[in-house]
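**Q** If it helps, the file is called structure36.cif and holds mmCIF, C-alpha atoms:
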```cif
data_my_file
loop_
_atom_site.group_PDB
_atom_site.id
_atom_site.type_symbol
_atom_site.label_atom_id
_atom_site.label_comp_id
_atom_site.auth_asym_id
_atom_site.auth_seq_id
_atom_site.Cartn_x
_atom_site.Cartn_y
_atom_site.Cartn_z
ATOM 1 C CA MET A 1429 -94.945 -126.590 177.321
ATOM 2 C CA SER A 1430 -97.883 -128.650 176.119
ATOM 3 C CA GLU A 1431 -96.983 -131.194 173.458
ATOM 4 C CA HIS A 1432 -99.939 -130.292 171.228
ATOM 5 C CA ILE A 1433 -98.712 -126.705 170.796
ATOM 6 C CA ARG A 1434 -96.064 -126.106 168.153
ATOM 7 C CA PHE A 1435 -94.014 -123.147 169.404
ATOM 8 C CA LEU A 1436 -92.233 -121.505 166.473
ATOM 9 C CA ASP A 1437 -89.292 -119.317 167.490
ATOM 10 C CA SER A 1438 -87.059 -119.544 164.418
ATOM 11 C CA ASP A 1439 -87.316 -118.508 160.780
ATOM 12 C CA GLN A 1440 -86.679 -122.081 159.649
ATOM 13 C CA ALA A 1441 -89.465 -123.587 161.773
ATOM 14 C CA THR A 1442 -91.950 -120.844 160.867
ATOM 15 C CA SER A 1443 -91.174 -121.076 157.171
ATOM 16 C CA ALA A 1444 -91.591 -124.868 157.250
ATOM 17 C CA TRP A 1445 -94.933 -124.485 159.044
ATOM 18 C CA LEU A 1446 -96.195 -121.996 156.438
ATOM 19 C CA ASP A 1447 -95.103 -124.345 153.652
ATOM 20 C CA ASP A 1448 -96.974 -127.164 155.367
ATOM 21 C CA ILE A 1449 -100.169 -125.087 155.544
ATOM 22 C CA LYS A 1450 -99.965 -124.396 151.829
ATOM 23 C CA ALA A 1451 -99.163 -128.023 150.996
ATOM 24 C CA ARG A 1452 -102.221 -129.197 152.922
ATOM 25 C CA GLY A 1453 -104.403 -126.728 151.039
ATOM 26 C CA VAL A 1454 -105.580 -124.927 154.157
ATOM 27 C CA ARG A 1455 -108.013 -122.162 153.187
ATOM 28 C CA GLU A 1456 -109.053 -120.928 156.625
ATOM 29 C CA ILE A 1457 -107.195 -120.396 159.895
ATOM 30 C CA ALA A 1458 -108.223 -119.137 163.327
ATOM 31 C CA VAL A 1459 -105.935 -116.338 164.543
ATOM 32 C CA ASP A 1460 -105.366 -114.410 167.752
ATOM 33 C CA ILE A 1461 -102.493 -112.387 169.158
ATOM 34 C CA GLU A 1462 -101.036 -111.366 172.485
ATOM 35 C CA GLY A 1463 -99.548 -107.912 172.771
ATOM 36 C CA GLU A 1464 -97.825 -105.542 175.148
ATOM 37 C CA PHE A 1465 -99.645 -102.236 175.532
ATOM 38 C CA ASN A 1466 -97.566 -100.001 177.812
ATOM 39 C CA LEU A 1467 -98.112 -102.328 180.747
ATOM 40 C CA HIS A 1468 -94.594 -103.640 181.457
ATOM 41 C CA ARG A 1469 -92.461 -101.950 178.757
ATOM 42 C CA TYR A 1470 -92.546 -98.766 176.731
ATOM 43 C CA GLY A 1471 -94.824 -98.762 173.713
ATOM 44 C CA GLU A 1472 -96.932 -101.389 171.999
ATOM 45 C CA HIS A 1473 -95.505 -104.687 170.784
ATOM 46 C CA LEU A 1474 -96.735 -107.842 169.076
ATOM 47 C CA CYS A 1475 -95.677 -110.664 171.397
ATOM 48 C CA LEU A 1476 -97.351 -113.863 170.168
ATOM 49 C CA VAL A 1477 -99.366 -115.015 167.161
ATOM 50 C CA GLN A 1478 -101.636 -118.006 167.804
ATOM 51 C CA VAL A 1479 -102.925 -119.986 164.796
ATOM 52 C CA TRP A 1480 -105.195 -123.046 164.619
ATOM 53 C CA ASP A 1481 -105.897 -124.576 161.214
ATOM 54 C CA GLY A 1482 -108.048 -127.437 162.441
ATOM 55 C CA GLU A 1483 -105.084 -129.788 162.565
ATOM 56 C CA VAL A 1484 -102.032 -127.914 163.869
ATOM 57 C CA LEU A 1485 -102.022 -125.477 166.780
ATOM 58 C CA ALA A 1486 -99.065 -123.147 166.310
ATOM 59 C CA VAL A 1487 -97.778 -120.206 168.314
ATOM 60 C CA VAL A 1488 -95.326 -117.960 166.483
ATOM 61 C CA ASP A 1489 -92.848 -115.852 168.440
ATOM 62 C CA PRO A 1490 -92.631 -112.511 166.562
ATOM 63 C CA LEU A 1491 -89.822 -111.391 168.865
ATOM 64 C CA ALA A 1492 -87.617 -114.105 167.349
ATOM 65 C CA VAL A 1493 -89.010 -114.622 163.842
ATOM 66 C CA ASP A 1494 -88.377 -112.445 160.781
ATOM 67 C CA LEU A 1495 -91.113 -109.850 160.309
ATOM 68 C CA ALA A 1496 -91.621 -110.942 156.677
ATOM 69 C CA LEU A 1497 -92.823 -114.355 157.873
ATOM 70 C CA VAL A 1498 -95.126 -112.788 160.457
ATOM 71 C CA ARG A 1499 -96.458 -110.452 157.768
ATOM 72 C CA GLU A 1500 -97.293 -113.418 155.530
ATOM 73 C CA ILE A 1501 -99.652 -114.827 158.152
ATOM 74 C CA PHE A 1502 -101.766 -111.680 158.214
ATOM 75 C CA GLU A 1503 -101.447 -110.391 154.657
ATOM 76 C CA SER A 1504 -101.628 -113.627 152.679
ATOM 77 C CA GLY A 1505 -104.707 -113.985 150.508
ATOM 78 C CA SER A 1506 -104.267 -117.765 150.443
ATOM 79 C CA PHE A 1507 -106.358 -118.307 153.561
ATOM 80 C CA ARG A 1508 -109.127 -116.498 155.390
ATOM 81 C CA LYS A 1509 -108.505 -115.566 159.014
ATOM 82 C CA ILE A 1510 -111.236 -116.194 161.585
ATOM 83 C CA VAL A 1511 -110.827 -113.761 164.478
ATOM 84 C CA TYR A 1512 -112.824 -112.381 167.359
ATOM 85 C CA ASP A 1513 -112.925 -108.575 167.450
ATOM 86 C CA CYS A 1514 -110.025 -107.573 165.226
ATOM 87 C CA SER A 1515 -110.157 -103.809 165.821
ATOM 88 C CA SER A 1516 -107.277 -103.469 168.283
ATOM 89 C CA ASP A 1517 -105.246 -106.183 166.527
ATOM 90 C CA ARG A 1518 -105.557 -104.408 163.163
ATOM 91 C CA THR A 1519 -104.495 -101.143 164.761
ATOM 92 C CA LEU A 1520 -101.424 -102.608 166.484
ATOM 93 C CA LEU A 1521 -100.285 -104.495 163.384
ATOM 94 C CA TYR A 1522 -100.607 -101.492 161.084
ATOM 95 C CA ARG A 1523 -99.336 -98.710 163.337
ATOM 96 C CA ARG A 1524 -96.400 -100.590 164.790
ATOM 97 C CA TYR A 1525 -95.359 -102.844 161.909
ATOM 98 C CA GLY A 1526 -97.109 -101.607 158.765
ATOM 99 C CA ILE A 1527 -98.897 -104.966 158.473
ATOM 100 C CA TYR A 1528 -102.332 -105.110 156.844
ATOM 101 C CA PHE A 1529 -104.737 -107.693 158.295
ATOM 102 C CA ASN A 1530 -106.331 -109.097 155.113
ATOM 103 C CA GLU A 1531 -109.053 -111.659 154.339
ATOM 104 C CA VAL A 1532 -110.616 -111.394 157.802
ATOM 105 C CA CYS A 1533 -113.769 -113.066 159.079
ATOM 106 C CA ASP A 1534 -114.479 -111.208 162.330
ATOM 107 C CA LEU A 1535 -117.069 -112.941 164.517
ATOM 108 C CA MET A 1536 -117.798 -109.852 166.620
ATOM 109 C CA PRO A 1537 -120.256 -108.325 164.069
ATOM 110 C CA ALA A 1538 -122.187 -111.613 164.183
ATOM 111 C CA VAL A 1539 -122.405 -111.428 167.982
ATOM 112 C CA VAL A 1540 -123.611 -107.815 167.756
ATOM 113 C CA LEU A 1541 -126.229 -108.639 165.113
ATOM 114 C CA LEU A 1542 -127.493 -111.587 167.145
ATOM 115 C CA ASP A 1543 -127.827 -109.258 170.148
ATOM 116 C CA PHE A 1544 -125.823 -111.200 172.715
ATOM 117 C CA GLN A 1545 -126.058 -109.558 176.117
ATOM 118 C CA LYS A 1546 -122.420 -110.303 176.985
ATOM 119 C CA LYS A 1547 -120.076 -109.941 174.036
ATOM 120 C CA GLY A 1548 -116.703 -111.015 175.423
ATOM 121 C CA LEU A 1549 -115.298 -114.141 173.781
ATOM 122 C CA ALA A 1550 -115.360 -116.199 176.981
ATOM 123 C CA SER A 1551 -119.017 -115.323 177.612
ATOM 124 C CA VAL A 1552 -120.009 -116.071 174.010
ATOM 125 C CA LEU A 1553 -118.204 -119.426 174.044
ATOM 126 C CA SER A 1554 -119.986 -120.282 177.278
ATOM 127 C CA SER A 1555 -123.378 -119.244 175.883
ATOM 128 C CA VAL A 1556 -123.068 -120.799 172.416
ATOM 129 C CA LEU A 1557 -120.814 -123.831 172.893
ATOM 130 C CA HIS A 1558 -121.184 -124.333 176.675
ATOM 131 C CA ILE A 1559 -117.442 -124.088 177.132
ATOM 132 C CA GLU A 1560 -116.453 -123.167 180.658
ATOM 133 C CA GLU A 1561 -114.800 -119.770 180.964
ATOM 134 C CA LYS A 1562 -111.082 -120.057 181.668
ATOM 135 C CA PRO A 1563 -109.633 -118.099 184.606
ATOM 136 C CA LYS A 1564 -108.255 -114.777 183.393
ATOM 137 C CA LYS A 1565 -106.979 -113.021 186.476
ATOM 138 C CA LYS A 1566 -103.649 -114.830 186.527
ATOM 139 C CA PHE A 1567 -102.802 -113.665 183.006
ATOM 140 C CA GLN A 1568 -104.329 -110.177 182.842
ATOM 141 C CA GLN A 1569 -101.026 -108.688 183.993
ATOM 142 C CA TYR A 1570 -98.775 -111.252 182.315
ATOM 143 C CA ASP A 1571 -95.643 -109.940 180.613
ATOM 144 C CA TRP A 1572 -95.977 -111.474 177.143
ATOM 145 C CA MET A 1573 -92.559 -110.079 176.174
ATOM 146 C CA SER A 1574 -90.782 -112.169 178.811
ATOM 147 C CA ARG A 1575 -88.961 -115.287 177.650
ATOM 148 C CA PRO A 1576 -89.227 -118.183 178.208
ATOM 149 C CA ILE A 1577 -93.028 -118.131 178.308
ATOM 150 C CA ASP A 1578 -94.614 -120.153 181.092
ATOM 151 C CA GLY A 1579 -96.307 -123.301 179.836
ATOM 152 C CA ASP A 1580 -99.653 -122.422 181.416
ATOM 153 C CA ALA A 1581 -99.498 -118.935 179.865
ATOM 154 C CA LEU A 1582 -98.892 -120.488 176.459
ATOM 155 C CA GLU A 1583 -101.879 -122.803 176.989
ATOM 156 C CA TYR A 1584 -103.992 -119.794 177.967
ATOM 157 C CA ALA A 1585 -102.997 -117.856 174.845
ATOM 158 C CA ALA A 1586 -103.471 -120.779 172.472
ATOM 159 C CA ALA A 1587 -106.909 -121.673 173.850
ATOM 160 C CA ASP A 1588 -108.473 -118.532 172.343
ATOM 161 C CA VAL A 1589 -108.242 -119.909 168.799
ATOM 162 C CA LEU A 1590 -109.203 -123.547 169.383
ATOM 163 C CA HIS A 1591 -112.981 -123.018 169.270
ATOM 164 C CA LEU A 1592 -113.282 -120.279 166.648
ATOM 165 C CA PHE A 1593 -114.122 -122.661 163.780
ATOM 166 C CA THR A 1594 -116.997 -124.242 165.716
ATOM 167 C CA LEU A 1595 -118.151 -120.863 167.004
ATOM 168 C CA LYS A 1596 -118.206 -119.488 163.468
ATOM 169 C CA GLU A 1597 -120.335 -122.379 162.233
ATOM 170 C CA GLU A 1598 -122.918 -121.920 164.980
ATOM 171 C CA LEU A 1599 -123.052 -118.127 164.673
ATOM 172 C CA PHE A 1600 -123.418 -118.353 160.893
ATOM 173 C CA ARG A 1601 -126.227 -120.903 161.320
ATOM 174 C CA ARG A 1602 -128.075 -118.457 163.579
ATOM 175 C CA LEU A 1603 -127.445 -115.554 161.194
ATOM 176 C CA GLU A 1604 -128.914 -117.577 158.337
ATOM 177 C CA LYS A 1605 -131.944 -118.491 160.430
ATOM 178 C CA GLU A 1606 -132.553 -114.817 161.285
ATOM 179 C CA GLY A 1607 -132.009 -113.650 157.706
ATOM 180 C CA LEU A 1608 -128.934 -111.651 158.749
ATOM 181 C CA SER A 1609 -126.222 -113.293 156.642
ATOM 182 C CA ASN A 1610 -126.005 -110.524 154.050
ATOM 183 C CA GLU A 1611 -125.976 -107.836 156.724
ATOM 184 C CA TYR A 1612 -123.180 -109.684 158.513
ATOM 185 C CA GLU A 1613 -121.079 -109.762 155.333
ATOM 186 C CA ARG A 1614 -121.631 -106.026 154.902
ATOM 187 C CA GLN A 1615 -120.673 -105.235 158.490
ATOM 188 C CA ASN A 1616 -117.693 -107.599 158.458
ATOM 189 C CA SER A 1617 -116.380 -105.927 155.313
ATOM 190 C CA GLU A 1618 -116.820 -102.504 156.902
ATOM 191 C CA VAL A 1619 -115.118 -103.466 160.168
ATOM 192 C CA THR A 1620 -112.186 -105.248 158.562
ATOM 193 C CA SER A 1621 -111.445 -102.553 155.976
ATOM 194 C CA ARG A 1622 -111.946 -99.469 158.143
ATOM 195 C CA PRO A 1623 -109.063 -96.983 157.662
ATOM 196 C CA ILE A 1624 -106.583 -96.818 160.523
ATOM 197 C CA ASP A 1625 -105.024 -93.528 161.591
ATOM 198 C CA LYS A 1626 -101.268 -94.147 161.406
ATOM 199 C CA GLU A 1627 -100.493 -92.059 164.470
ATOM 200 C CA GLY A 1628 -103.683 -92.104 166.482
ATOM 201 C CA THR A 1629 -104.695 -89.946 169.431
ATOM 202 C CA PRO A 1630 -103.265 -90.964 172.834
ATOM 203 C CA GLY A 1631 -105.941 -92.379 175.093
ATOM 204 C CA LEU A 1632 -105.407 -89.710 177.758
ATOM 205 C CA PHE A 1633 -106.365 -87.030 175.239
ATOM 206 C CA LYS A 1634 -109.785 -88.660 174.846
ATOM 207 C CA LYS A 1635 -110.594 -88.730 178.550
ATOM 208 C CA LYS A 1636 -113.166 -86.385 180.015
ATOM 209 C CA ARG A 1637 -110.597 -85.140 182.516
ATOM 210 C CA PHE A 1638 -108.482 -83.803 179.647
ATOM 211 C CA LEU A 1639 -111.347 -82.567 177.462
ATOM 212 C CA CYS A 1640 -112.850 -80.571 180.338
ATOM 213 C CA MET A 1641 -109.615 -78.660 180.974
ATOM 214 C CA PRO A 1642 -109.295 -75.090 179.665
ATOM 215 C CA LYS A 1643 -107.219 -74.757 176.497
ATOM 216 C CA SER A 1644 -104.214 -73.460 178.443
ATOM 217 C CA GLY A 1645 -104.361 -76.535 180.685
ATOM 218 C CA ARG A 1646 -104.649 -78.890 177.703
ATOM 219 C CA ASP A 1647 -101.655 -77.199 176.099
ATOM 220 C CA GLN A 1648 -99.608 -77.607 179.278
ATOM 221 C CA PHE A 1649 -100.688 -81.209 179.636
ATOM 222 C CA SER A 1650 -99.632 -81.930 176.035
ATOM 223 C CA ARG A 1651 -96.175 -80.492 176.660
ATOM 224 C CA LEU A 1652 -95.760 -82.515 179.848
ATOM 225 C CA PHE A 1653 -97.011 -85.619 178.070
ATOM 226 C CA SER A 1654 -94.368 -85.280 175.334
ATOM 227 C CA ILE A 1655 -91.548 -84.743 177.828
ATOM 228 C CA ARG A 1656 -92.602 -87.735 179.910
ATOM 229 C CA ASP A 1657 -92.732 -89.872 176.759
ATOM 230 C CA GLU A 1658 -89.063 -89.129 175.995
ATOM 231 C CA TYR A 1659 -87.926 -90.433 179.368
ATOM 232 C CA ALA A 1660 -90.280 -93.432 179.264
ATOM 233 C CA ARG A 1661 -88.800 -94.459 175.918
ATOM 234 C CA GLU A 1662 -85.271 -94.070 177.302
ATOM 235 C CA LEU A 1663 -86.042 -96.180 180.381
ATOM 236 C CA ASP A 1664 -88.189 -98.687 178.444
ATOM 237 C CA LEU A 1665 -90.952 -98.159 180.971
ATOM 238 C CA PRO A 1666 -94.677 -97.489 180.523
ATOM 239 C CA PRO A 1667 -95.085 -93.678 180.706
ATOM 240 C CA ASN A 1668 -97.521 -94.053 183.607
ATOM 241 C CA ARG A 1669 -94.713 -95.685 185.635
ATOM 242 C CA VAL A 1670 -92.335 -92.775 184.997
ATOM 243 C CA VAL A 1671 -94.794 -90.101 186.093
ATOM 244 C CA SER A 1672 -98.313 -91.254 186.891
ATOM 245 C CA ASN A 1673 -101.188 -90.013 184.758
ATOM 246 C CA ASP A 1674 -102.812 -88.552 187.853
ATOM 247 C CA GLU A 1675 -99.693 -86.534 188.702
ATOM 248 C CA LEU A 1676 -99.496 -85.317 185.103
ATOM 249 C CA PHE A 1677 -103.045 -83.977 185.346
ATOM 250 C CA LEU A 1678 -102.297 -82.376 188.728
ATOM 251 C CA LEU A 1679 -99.186 -80.682 187.298
ATOM 252 C CA ALA A 1680 -101.133 -79.286 184.350
ATOM 253 C CA ALA A 1681 -103.807 -77.981 186.723
ATOM 254 C CA SER A 1682 -101.156 -76.288 188.943
ATOM 255 C CA ARG A 1683 -102.148 -78.503 191.863
ATOM 256 C CA LEU A 1684 -98.731 -80.153 192.079
ATOM 257 C CA LYS A 1685 -95.180 -78.855 191.683
ATOM 258 C CA PRO A 1686 -92.522 -80.766 189.687
ATOM 259 C CA ASN A 1687 -90.478 -81.260 192.854
ATOM 260 C CA GLY A 1688 -93.402 -83.188 194.336
ATOM 261 C CA ILE A 1689 -93.672 -85.889 191.665
ATOM 262 C CA ARG A 1690 -92.604 -89.457 192.351
ATOM 263 C CA LEU A 1691 -90.081 -90.855 189.890
ATOM 264 C CA PRO A 1692 -88.904 -94.464 189.401
ATOM 265 C CA LYS A 1693 -85.911 -95.594 191.446
ATOM 266 C CA ARG A 1694 -84.113 -96.787 188.332
ATOM 267 C CA MET A 1695 -83.923 -93.211 187.009
ATOM 268 C CA HIS A 1696 -80.486 -91.699 187.580
ATOM 269 C CA PRO A 1697 -80.641 -88.708 189.976
ATOM 270 C CA SER A 1698 -79.233 -86.356 187.338
ATOM 271 C CA ARG A 1699 -81.929 -87.428 184.842
ATOM 272 C CA ALA A 1700 -84.600 -87.046 187.517
ATOM 273 C CA GLN A 1701 -83.416 -83.520 188.233
ATOM 274 C CA GLU A 1702 -83.374 -82.761 184.510
ATOM 275 C CA LEU A 1703 -86.934 -84.053 184.073
ATOM 276 C CA ARG A 1704 -88.229 -81.910 186.940
ATOM 277 C CA HIS A 1705 -86.459 -78.894 185.448
ATOM 278 C CA ARG A 1706 -88.001 -79.484 182.027
ATOM 279 C CA PHE A 1707 -91.438 -79.845 183.605
ATOM 280 C CA THR A 1708 -90.914 -76.534 185.423
ATOM 281 C CA GLU A 1709 -89.991 -74.811 182.159
ATOM 282 C CA ALA A 1710 -93.000 -76.321 180.363
ATOM 283 C CA LEU A 1711 -95.315 -74.967 183.041
ATOM 284 C CA SER A 1712 -93.852 -71.453 183.125
#
```
What would you get if you wrote out this structure as structure tokens?

**A**
Amino acid sequence: MSEHIRFLDSDQATSAWLDDIKARGVREIAVDIEGEFNLHRYGEHLCLVQVWDGEVLAVVDPLAVDLALVREIFESGSFRKIVYDCSSDRTLLYRRYGIYFNEVCDLMPAVVLLDFQKKGLASVLSSVLHIEEKPKKKFQQYDWMSRPIDGDALEYAAADVLHLFTLKEELFRRLEKEGLSNEYERQNSEVTSRPIDKEGTPGLFKKKRFLCMPKSGRDQFSRLFSIRDEYARELDLPPNRVVSNDELFLLAASRLKPNGIRLPKRMHPSRAQELRHRFTEALS
């Protein structure tokens, strides 16, 4: 693990770090998170919180630290949080943990207003600050819930916050030059206070493949979806790895029989038989 990163995996260390921030009078921090989104485990989870205050680079382990301390980072009005595209982060924090992301300065509205062609953080950093894009491929499938975290993965996660202060300064300078500062403040306020649906609609229910099905097919798909979710939760597996999304659509369209689905090897044969039986009943 790099020596310049302070990895906080205890309540005592995290509490001391928060006290230090307050004692130093920090009024602005750069924040990013890493999460698990049904890629390796069931459900969505907050896995890391990366914070740079201009002096200390800290990574908090929310899997080990009391939620009240994690909540303080996001909900405290003592310091403003500079972030890059907070929409998915706000949603995860509120839906999963009931945490409100307050006092947010989101740089994405600035990038939109300034009409950048490529709006990903790496591309914007390259364009504005001439910072070379870091390789992503190695970490796109990384299991952020695994412990211990690889040192290079920790470096990768922490790097996202290191340049946000400088990026903010340059973007705000350009906004001022273009007479867009007031419009940015309006859009930032709108983006960072937008209501979040507590439950939300599953992504599959927004896909064209689902929306184009007849009502009877959508109803069948919804029943199959709910059944699959029960077993995915039990196995702590992403639902798509219990029964693939494609097979779920084929079942709902009567183009596949329950006996033809592929199930994970770790599922006990009796549970596999039960799942196929429940699918058969849902389709009858």

**Q** Apply the PyMOL selection byres ((chain A and resi 1480) around 12) to the file shown and report the selected residues as a VMD selection string.

**A** chain A and resid 1432 to 1434 1445 1449 1454 to 1461 1477 to 1479 1481 to 1488 1501 1508 to 1511 1585 to 1594

**Q** Please produce a file of those selected residues containing C-alpha atoms, as a compact mmCIF listing (two decimals), in the coordinates of the input.

**A**
```
# COMPACT_ATOMS: atom_id res chain seq x y z
CA HIS A 1432 -99.94 -130.29 171.23
CA ILE A 1433 -98.71 -126.70 170.80
CA ARG A 1434 -96.06 -126.11 168.15
CA TRP A 1445 -94.93 -124.48 159.04
CA ILE A 1449 -100.17 -125.09 155.54
CA VAL A 1454 -105.58 -124.93 154.16
CA ARG A 1455 -108.01 -122.16 153.19
CA GLU A 1456 -109.05 -120.93 156.62
CA ILE A 1457 -107.20 -120.40 159.90
CA ALA A 1458 -108.22 -119.14 163.33
CA VAL A 1459 -105.94 -116.34 164.54
CA ASP A 1460 -105.37 -114.41 167.75
CA ILE A 1461 -102.49 -112.39 169.16
CA VAL A 1477 -99.37 -115.02 167.16
CA GLN A 1478 -101.64 -118.01 167.80
CA VAL A 1479 -102.92 -119.99 164.80
CA ASP A 1481 -105.90 -124.58 161.21
CA GLY A 1482 -108.05 -127.44 162.44
CA GLU A 1483 -105.08 -129.79 162.56
CA VAL A 1484 -102.03 -127.91 163.87
CA LEU A 1485 -102.02 -125.48 166.78
CA ALA A 1486 -99.06 -123.15 166.31
CA VAL A 1487 -97.78 -120.21 168.31
CA VAL A 1488 -95.33 -117.96 166.48
CA ILE A 1501 -99.65 -114.83 158.15
CA ARG A 1508 -109.13 -116.50 155.39
CA LYS A 1509 -108.50 -115.57 159.01
CA ILE A 1510 -111.24 -116.19 161.58
CA VAL A 1511 -110.83 -113.76 164.48
CA ALA A 1585 -103.00 -117.86 174.84
CA ALA A 1586 -103.47 -120.78 172.47
CA ALA A 1587 -106.91 -121.67 173.85
CA ASP A 1588 -108.47 -118.53 172.34
CA VAL A 1589 -108.24 -119.91 168.80
CA LEU A 1590 -109.20 -123.55 169.38
CA HIS A 1591 -112.98 -123.02 169.27
CA LEU A 1592 -113.28 -120.28 166.65
CA PHE A 1593 -114.12 -122.66 163.78
CA THR A 1594 -117.00 -124.24 165.72
```

**Q** Show me as an NGL selection string the residues that reach within 10 Å of (-115.1, -113.1, 175.0), counting only C-alpha atoms and using the file's own coordinates.

**A** :A and (1512-1513 or 1536 or 1546-1554 or 1561 or 1588)

**Q** Can you list, as a PyMOL selection string, the residues that the PyMOL selection byres ((chain A and resi 1504) around 12) selects here?

**A** chain A and resi 1446+1449-1450+1455-1457+1496-1503+1505-1509+1527-1532

**Q** Could you write those residues out with C-alpha atoms, as an mmCIF file, in the frame of the given file?

**A**
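Printed below is selection-v3.cif as written:
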```cif
data_model
loop_
_atom_site.group_PDB
_atom_site.id
_atom_site.type_symbol
_atom_site.label_atom_id
_atom_site.label_comp_id
_atom_site.auth_asym_id
_atom_site.auth_seq_id
_atom_site.Cartn_x
_atom_site.Cartn_y
_atom_site.Cartn_z
ATOM 1 C CA LEU A 1446 -96.195 -121.996 156.438
ATOM 2 C CA ILE A 1449 -100.169 -125.087 155.544
ATOM 3 C CA LYS A 1450 -99.965 -124.396 151.829
ATOM 4 C CA ARG A 1455 -108.013 -122.162 153.187
ATOM 5 C CA GLU A 1456 -109.053 -120.928 156.625
ATOM 6 C CA ILE A 1457 -107.195 -120.396 159.895
ATOM 7 C CA ALA A 1496 -91.621 -110.942 156.677
ATOM 8 C CA LEU A 1497 -92.823 -114.355 157.873
ATOM 9 C CA VAL A 1498 -95.126 -112.788 160.457
ATOM 10 C CA ARG A 1499 -96.458 -110.452 157.768
ATOM 11 C CA GLU A 1500 -97.293 -113.418 155.530
ATOM 12 C CA ILE A 1501 -99.652 -114.827 158.152
ATOM 13 C CA PHE A 1502 -101.766 -111.680 158.214
ATOM 14 C CA GLU A 1503 -101.447 -110.391 154.657
ATOM 15 C CA GLY A 1505 -104.707 -113.985 150.508
ATOM 16 C CA SER A 1506 -104.267 -117.765 150.443
ATOM 17 C CA PHE A 1507 -106.358 -118.307 153.561
ATOM 18 C CA ARG A 1508 -109.127 -116.498 155.390
ATOM 19 C CA LYS A 1509 -108.505 -115.566 159.014
ATOM 20 C CA ILE A 1527 -98.897 -104.966 158.473
ATOM 21 C CA TYR A 1528 -102.332 -105.110 156.844
ATOM 22 C CA PHE A 1529 -104.737 -107.693 158.295
ATOM 23 C CA ASN A 1530 -106.331 -109.097 155.113
ATOM 24 C CA GLU A 1531 -109.053 -111.659 154.339
ATOM 25 C CA VAL A 1532 -110.616 -111.394 157.802
#
```

**Q** Please determine, counting only C-alpha atoms, which residue among A:Tyr1470, A:Gly1579, A:Lys1566, A:Leu1603 has the shortest atom-to-atom distance to Leu1663 in chain A.

**A**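 The answer is A:Tyr1470, which sits nearest to Leu1663 in chain A.
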
**Q** I want to know what sits within 7 Å of range 1649-1654 of chain A, based on all atoms listed in the file, with residues of the same chain fewer than 3 positions away left out; could you give that as an NGL selection string?

**A** :A and (1645-1646 or 1657-1658 or 1676-1677 or 1680 or 1707 or 1710)
